[in-house]
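Student: Take a look at the following structure, please.
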Amino acid sequence: MNEQRLHSTALELMVAQKGLLAMDESIPTCDARFKALGIEQTVDMRRSYRELLITTPDMNAAISGVILCAESFNQSRRDGKSFVQLLSDANIIAGIKVDAGTKDMAGFHGEKVTLGLDGLRERLQSYASKGARFAKWRAVFTMGPFTPSQACLDSNAQQLALYAALCQECGLVPIVEPETLMTGSHTMQKCASVTELVLETVFHHLYLQRVFLEGLILKINMALPGSEAALPTSADDIAVCTVKTLLRRVPACLPGIAFLSGGQTPEQATQRLNAINKTYSGHNASVPWPLTFSFSRALQQPVLAAWSGESDNVITAQQILEHRLRCNQMALRGEYLPQMEDTAVHEF
Ligand code: 13P
């Protein structure tokens with residue numbers, strides 16, 4: 001394992017004032033989002049949409065890395081230049097989602113395990129030889145009166161650790177993503193305590209598996225009330241609760257932490273990221289890691305809606321992505337204001 005190289009790639013991904021664009025939705029997920037907007041669900045439509053995202057002007061001002069799915073990793077711009085090459089030309093690091101998705105966990109109603117370890121070493125070697133420098137694996141945990149079970153926690157954490165060790169062997173920085181889902185009516189505090197348990201289990205297995213923590217990035221949910229929770233919670237409260245949870249369970253040597261958006265609206269995700277960074281990062285940093293974004297839905301939702309499968313809408317959709325990136329970049333500095341939602345990109 002080349003520790004120095006892994007560490008420097010992780011630091012490059014976590015460079016100040018940049019985040020990650022997650023565009024690694026599986027084919028079924030991408031198709032479901034297309035279907036909801038009446039967009040044709042074909043290979044070429046998915047390719048066109050991903051070309052739109054990747055070729056957005058000046059993306060590298062706010063994005064250090066892009067997470068691709070297997071399909072788009074092998075796709076190209078209409079003129080034949082590969083997406084991976086386009087990202088490299090734009091000084092953006094290419095990453096690849098390598099899990100094979102979640103499946104029902106036998107014997108544990110309502111819980112999921114993430115699959116994908118079969119043949120993973122060979123796939124990672126192949127992706128690395130084609131230009132990928134990091135990878136991603138997501139596990140999910142559902143919250144209920146009896147979940148997540150210890151069996152679900154251990155099984156997913158062990159697979160995340162095996163994946164991370166294989167990535168590092170192949171020279172790829174693993175993004176380890178254990179997501180506690182927002183679905184439900186639970187409180188923010190309940191989400192925080194489950195997230196704490198998840199982190200405790202995941203870092204235990206990473207330790208057992210001898211994963212090099214300085215060459216790994218954690219991708220995690222914020223501590224949020226459930227999507228059906230009765231009471232609203234302020235961005236400041238979410239920031240305090242989220243960071244307290246992380247401080248209790250994430251080793252200080254980690255190069256960085258990136259938040260997923262997990263079903264928050266784009267504005268909510270930005271506002272909460274802003275509260276987190278305003279309170280804990282920057283000049284008065286009281287956390288040991290950079291705290292950035294690795295959003296999928298919170299970046300892509302308005303872009304996809306604006307595009308709607310029409311080539312005439314590409315420029316407008318790219319401007320919307322640029323605008324969301326600027327808002328999130330301001331949030332990384334703790335300087336985002338809600339009125340920036342109406343500010344034109346060139347006025348930032
Ligand atoms: P969301 O930001 O939509 O939660 O997606 C993040 C992600 O990469 C899921 O694996």
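We name chains A, B, ... following the order of the structure tokens; residues begin at 1 in each chain, and ligands are numbered from 1 as shown.
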Quick one: contact table of chain A to ligand 1, 6 Å max, nearest atom pair and distance in Å to one decimal per residue, counting only C-alpha atoms and all ligand atoms, chain and number order, as a tab-separated table?

Tutor:
```
residue	atom	partner	partner_atom_place_in_ligand_line	distance
A:Ala22	CA	ligand 1	8 (O)	4.9
A:Arg138	CA	ligand 1	10 (O)	5.5
A:Leu260	CA	ligand 1	2 (O)	4.1
A:Ser261	CA	ligand 1	2 (O)	3.6
A:Gly262	CA	ligand 1	4 (O)	3.2
A:Gly263	CA	ligand 1	4 (O)	6.0
A:Phe295	CA	ligand 1	2 (O)	3.6
A:Ser296	CA	ligand 1	2 (O)	3.7
A:Arg297	CA	ligand 1	3 (O)	3.8
A:Ala298	CA	ligand 1	2 (O)	5.8
```

Student: List as a list in words the protein and nucleic acid residues near Thr187 (chain A), meaning an atom at most 8 Å away when only C-alpha atoms are counted, but skip any in the same chain fewer than 6 places from it.

Tutor: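 Contacts, with the query itself left out: Leu224, Pro225, Gly226 and Ala229 of chain A.
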
Student: Quick one, how far is CA of Thr42 (chain A) from CA of Met23 (chain A)?

Tutor: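 A separation of 16.7 Å between them.
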
Student: Give me, as a PyMOL selection string, all polymer residues having an atom no more than 12 Å from Gln85 (chain A), counting only C-alpha atoms and skipping those fewer than 6 positions away in the same chain.

Tutor: chain A and resi 54-55+73-77+91-94+130-132

Student: Please, could you write that set of residues out with N, CA, C and O atoms as a compact mmCIF listing (two decimals), in the first residue's frame?

Tutor:
```
# COMPACT_ATOMS: atom_id res chain seq x y z
N ILE A 54 -20.91 16.93 -16.44
CA ILE A 54 -19.44 16.93 -16.48
C ILE A 54 -18.88 18.12 -17.25
O ILE A 54 -17.80 18.61 -16.92
N THR A 55 -19.62 18.61 -18.23
CA THR A 55 -19.09 19.71 -19.05
C THR A 55 -19.58 21.08 -18.57
O THR A 55 -19.41 22.08 -19.27
N PHE A 73 -18.65 5.80 -16.13
CA PHE A 73 -17.19 5.72 -16.11
C PHE A 73 -16.67 5.34 -17.50
O PHE A 73 -15.59 5.76 -17.92
N ASN A 74 -17.45 4.56 -18.20
CA ASN A 74 -17.01 4.08 -19.53
C ASN A 74 -17.62 4.89 -20.67
O ASN A 74 -17.46 4.52 -21.83
N GLN A 75 -18.32 5.97 -20.35
CA GLN A 75 -18.95 6.75 -21.42
C GLN A 75 -18.09 7.94 -21.83
O GLN A 75 -17.12 8.28 -21.16
N SER A 76 -18.50 8.55 -22.94
CA SER A 76 -17.72 9.65 -23.53
C SER A 76 -18.64 10.78 -23.95
O SER A 76 -19.84 10.58 -24.15
N ARG A 77 -18.03 11.93 -24.13
CA ARG A 77 -18.75 13.06 -24.73
C ARG A 77 -19.09 12.68 -26.17
O ARG A 77 -18.45 11.79 -26.75
N ASN A 91 -8.95 19.16 -14.23
CA ASN A 91 -8.35 19.11 -12.90
C ASN A 91 -9.31 18.63 -11.82
O ASN A 91 -9.32 19.14 -10.70
N ILE A 92 -10.16 17.72 -12.21
CA ILE A 92 -11.13 17.14 -11.26
C ILE A 92 -10.80 15.65 -11.14
O ILE A 92 -10.57 14.98 -12.16
N ILE A 93 -10.79 15.16 -9.91
CA ILE A 93 -10.42 13.75 -9.70
C ILE A 93 -11.63 12.85 -9.95
O ILE A 93 -12.73 13.11 -9.45
N ALA A 94 -11.41 11.79 -10.73
CA ALA A 94 -12.51 10.86 -11.04
C ALA A 94 -12.57 9.75 -10.01
O ALA A 94 -11.55 9.16 -9.64
N LYS A 130 -7.60 2.75 -15.41
CA LYS A 130 -8.27 3.65 -16.36
C LYS A 130 -8.43 5.07 -15.82
O LYS A 130 -9.18 5.87 -16.38
N GLY A 131 -7.81 5.37 -14.67
CA GLY A 131 -7.80 6.76 -14.22
C GLY A 131 -8.58 7.09 -12.97
O GLY A 131 -8.58 8.25 -12.54
N ALA A 132 -9.27 6.10 -12.37
CA ALA A 132 -9.97 6.42 -11.11
C ALA A 132 -8.95 6.55 -9.99
O ALA A 132 -7.96 5.82 -9.95
```

Student: Mind running region 12-122 of chain A against region 300-314 of chain A at 10 Å and telling me each contacting residue's nearest atom pair with the distance in Å (one decimal), counting only C-alpha atoms, chain and number ascending, as a Markdown table?

Tutor:
```
| residue | atom | partner | partner_atom | distance |
| --- | --- | --- | --- | --- |
| A:Leu21 | CA | A:Gln300 | CA | 8.9 |
| A:Ala22 | CA | A:Gln300 | CA | 8.8 |
| A:Met23 | CA | A:Gln300 | CA | 8.1 |
| A:Arg33 | CA | A:Leu304 | CA | 8.5 |
| A:Phe34 | CA | A:Ser308 | CA | 7.9 |
| A:Ala36 | CA | A:Ala305 | CA | 9.7 |
| A:Leu37 | CA | A:Ser308 | CA | 6.4 |
| A:Gly38 | CA | A:Ser308 | CA | 7.5 |
| A:Ile39 | CA | A:Gly309 | CA | 5.4 |
| A:Glu40 | CA | A:Gly309 | CA | 7.4 |
| A:Gln41 | CA | A:Gly309 | CA | 9.8 |
| A:Met45 | CA | A:Gly309 | CA | 7.1 |
| A:Arg46 | CA | A:Gly309 | CA | 9.3 |
| A:Ser48 | CA | A:Gly309 | CA | 8.4 |
| A:Tyr49 | CA | A:Gly309 | CA | 7.6 |
| A:Glu51 | CA | A:Val314 | CA | 9.7 |
| A:Leu52 | CA | A:Val314 | CA | 6.4 |
| A:Leu53 | CA | A:Gln300 | CA | 8.6 |
| A:Thr56 | CA | A:Val314 | CA | 9.3 |
```

Student: Please compute the CA of Ala157 (chain A)-CA of Lys244 (chain A) distance, one decimal, in Å.

Tutor: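 Interatomic distance here is 21.4 Å.
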
Student: Could you give me, as number ranges by chain, the residues within 9 Å of region 160-177 of chain A, counting only C-alpha atoms and dropping anything in the same chain fewer than 3 positions from it?

Tutor: A: 1-3, 5-7, 9-10, 95, 98-99, 114, 116-117, 120-121, 124-125, 128, 132-140, 155-157, 202-203, 205-212, 215-221, 260

Student: Please identify all polymer residues within 12 Å of Met59 (chain A), counting only C-alpha atoms, omitting same-chain residues fewer than 5 positions from it, and present them as a list in words.

Tutor: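 Listed by chain and then number, they are Lys18, Gly19, Leu20, Leu21, Leu52, Leu53, Ile54, Ser64, Gly65, Val66, Leu86, Leu87, Asp89, Ala90, Asn91, Ile92, Ile93, Gln318, Gln319, Ile320, Leu321, Glu322, His323, Arg324, Leu325, Arg326 and Gln329 of chain A.
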
Student: Give the alpha helix (DSSP H) residues of region 61-234 of chain A, as assigned by DSSP on the backbone, as a ChimeraX atom specification.

Tutor: /A:70-73,83-89,120-129,150-169,188-208

Student: Report as a list in words all protein, DNA and RNA residues lying within 10 Å of Cys191 (chain A), evaluated on only C-alpha atoms, omitting residues in the same chain fewer than 5 positions from it.

Tutor: Met143, Thr180, Leu181, Met182, His186, Glu196, Leu197, Asn221, Met222, Ala223, Leu224, Pro225, Gly226, Cys241, Thr242 and Thr245 of chain A

Student: Run DSSP on the backbone of this structure and report the residues of region 111-237 of chain A it assigns to strand (DSSP E or B), as JSON, numbers by chain.

Tutor: {"A": [112, 113, 114, 134, 135, 136, 137, 138, 139, 140, 141, 144, 147, 173, 174, 175, 176, 177, 178, 179, 180, 217, 218, 219, 220]}

Student: Quick one: residues within 10 Å of Glu200 (chain A), only C-alpha atoms, excluding same-chain residues fewer than 5 positions away - as an MDAnalysis selection string?

Tutor: chainID A and resid 153 157 194:195 205 248:250

Student: Would you output that residue set with N, CA and C atoms, as a compact mmCIF listing (two decimals), in the first residue's frame?

Tutor:
```txt
# COMPACT_ATOMS: atom_id res chain seq x y z
N LEU A 153 -25.69 -3.75 11.58
CA LEU A 153 -24.56 -2.84 11.79
C LEU A 153 -23.25 -3.56 11.51
N ALA A 157 -20.78 -2.89 8.34
CA ALA A 157 -19.50 -2.27 8.72
C ALA A 157 -18.34 -3.15 8.28
N VAL A 194 -28.23 7.05 16.76
CA VAL A 194 -28.02 5.92 15.84
C VAL A 194 -26.77 6.17 14.98
N THR A 195 -26.58 7.39 14.55
CA THR A 195 -25.38 7.71 13.74
C THR A 195 -24.12 7.44 14.56
N HIS A 205 -14.57 -1.76 12.84
CA HIS A 205 -14.22 -2.72 11.77
C HIS A 205 -13.11 -2.20 10.87
N ARG A 248 -17.47 12.81 18.74
CA ARG A 248 -17.45 11.69 19.68
C ARG A 248 -16.93 10.40 19.05
N ARG A 249 -17.07 10.26 17.73
CA ARG A 249 -16.81 8.94 17.13
C ARG A 249 -15.87 8.89 15.94
N VAL A 250 -15.41 10.05 15.44
CA VAL A 250 -14.55 10.02 14.24
C VAL A 250 -13.12 10.38 14.62
```

Student: For a test of reading the model, state the distance in Å between CA of Ser149 (chain A) and CA of Ala252 (chain A), rounded to one decimal.

Tutor: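 Here the two named atoms are 27.3 Å from each other.
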
Student: Tell me which of A:Thr201, A:Gln189, A:Thr102, A:Gln339 sits closest to Pro148 (chain A), counting only C-alpha atoms.

Tutor: A:Thr201

Student: Restricting the calculation to only C-alpha atoms: of A:Arg50, A:Thr343, A:Tyr280, A:Ala61, which residue gets closest to Ser82 (chain A)?

Tutor: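 Comparing A:Arg50, A:Thr343, A:Tyr280, A:Ala61 against Ser82 (chain A), the winner is A:Arg50.
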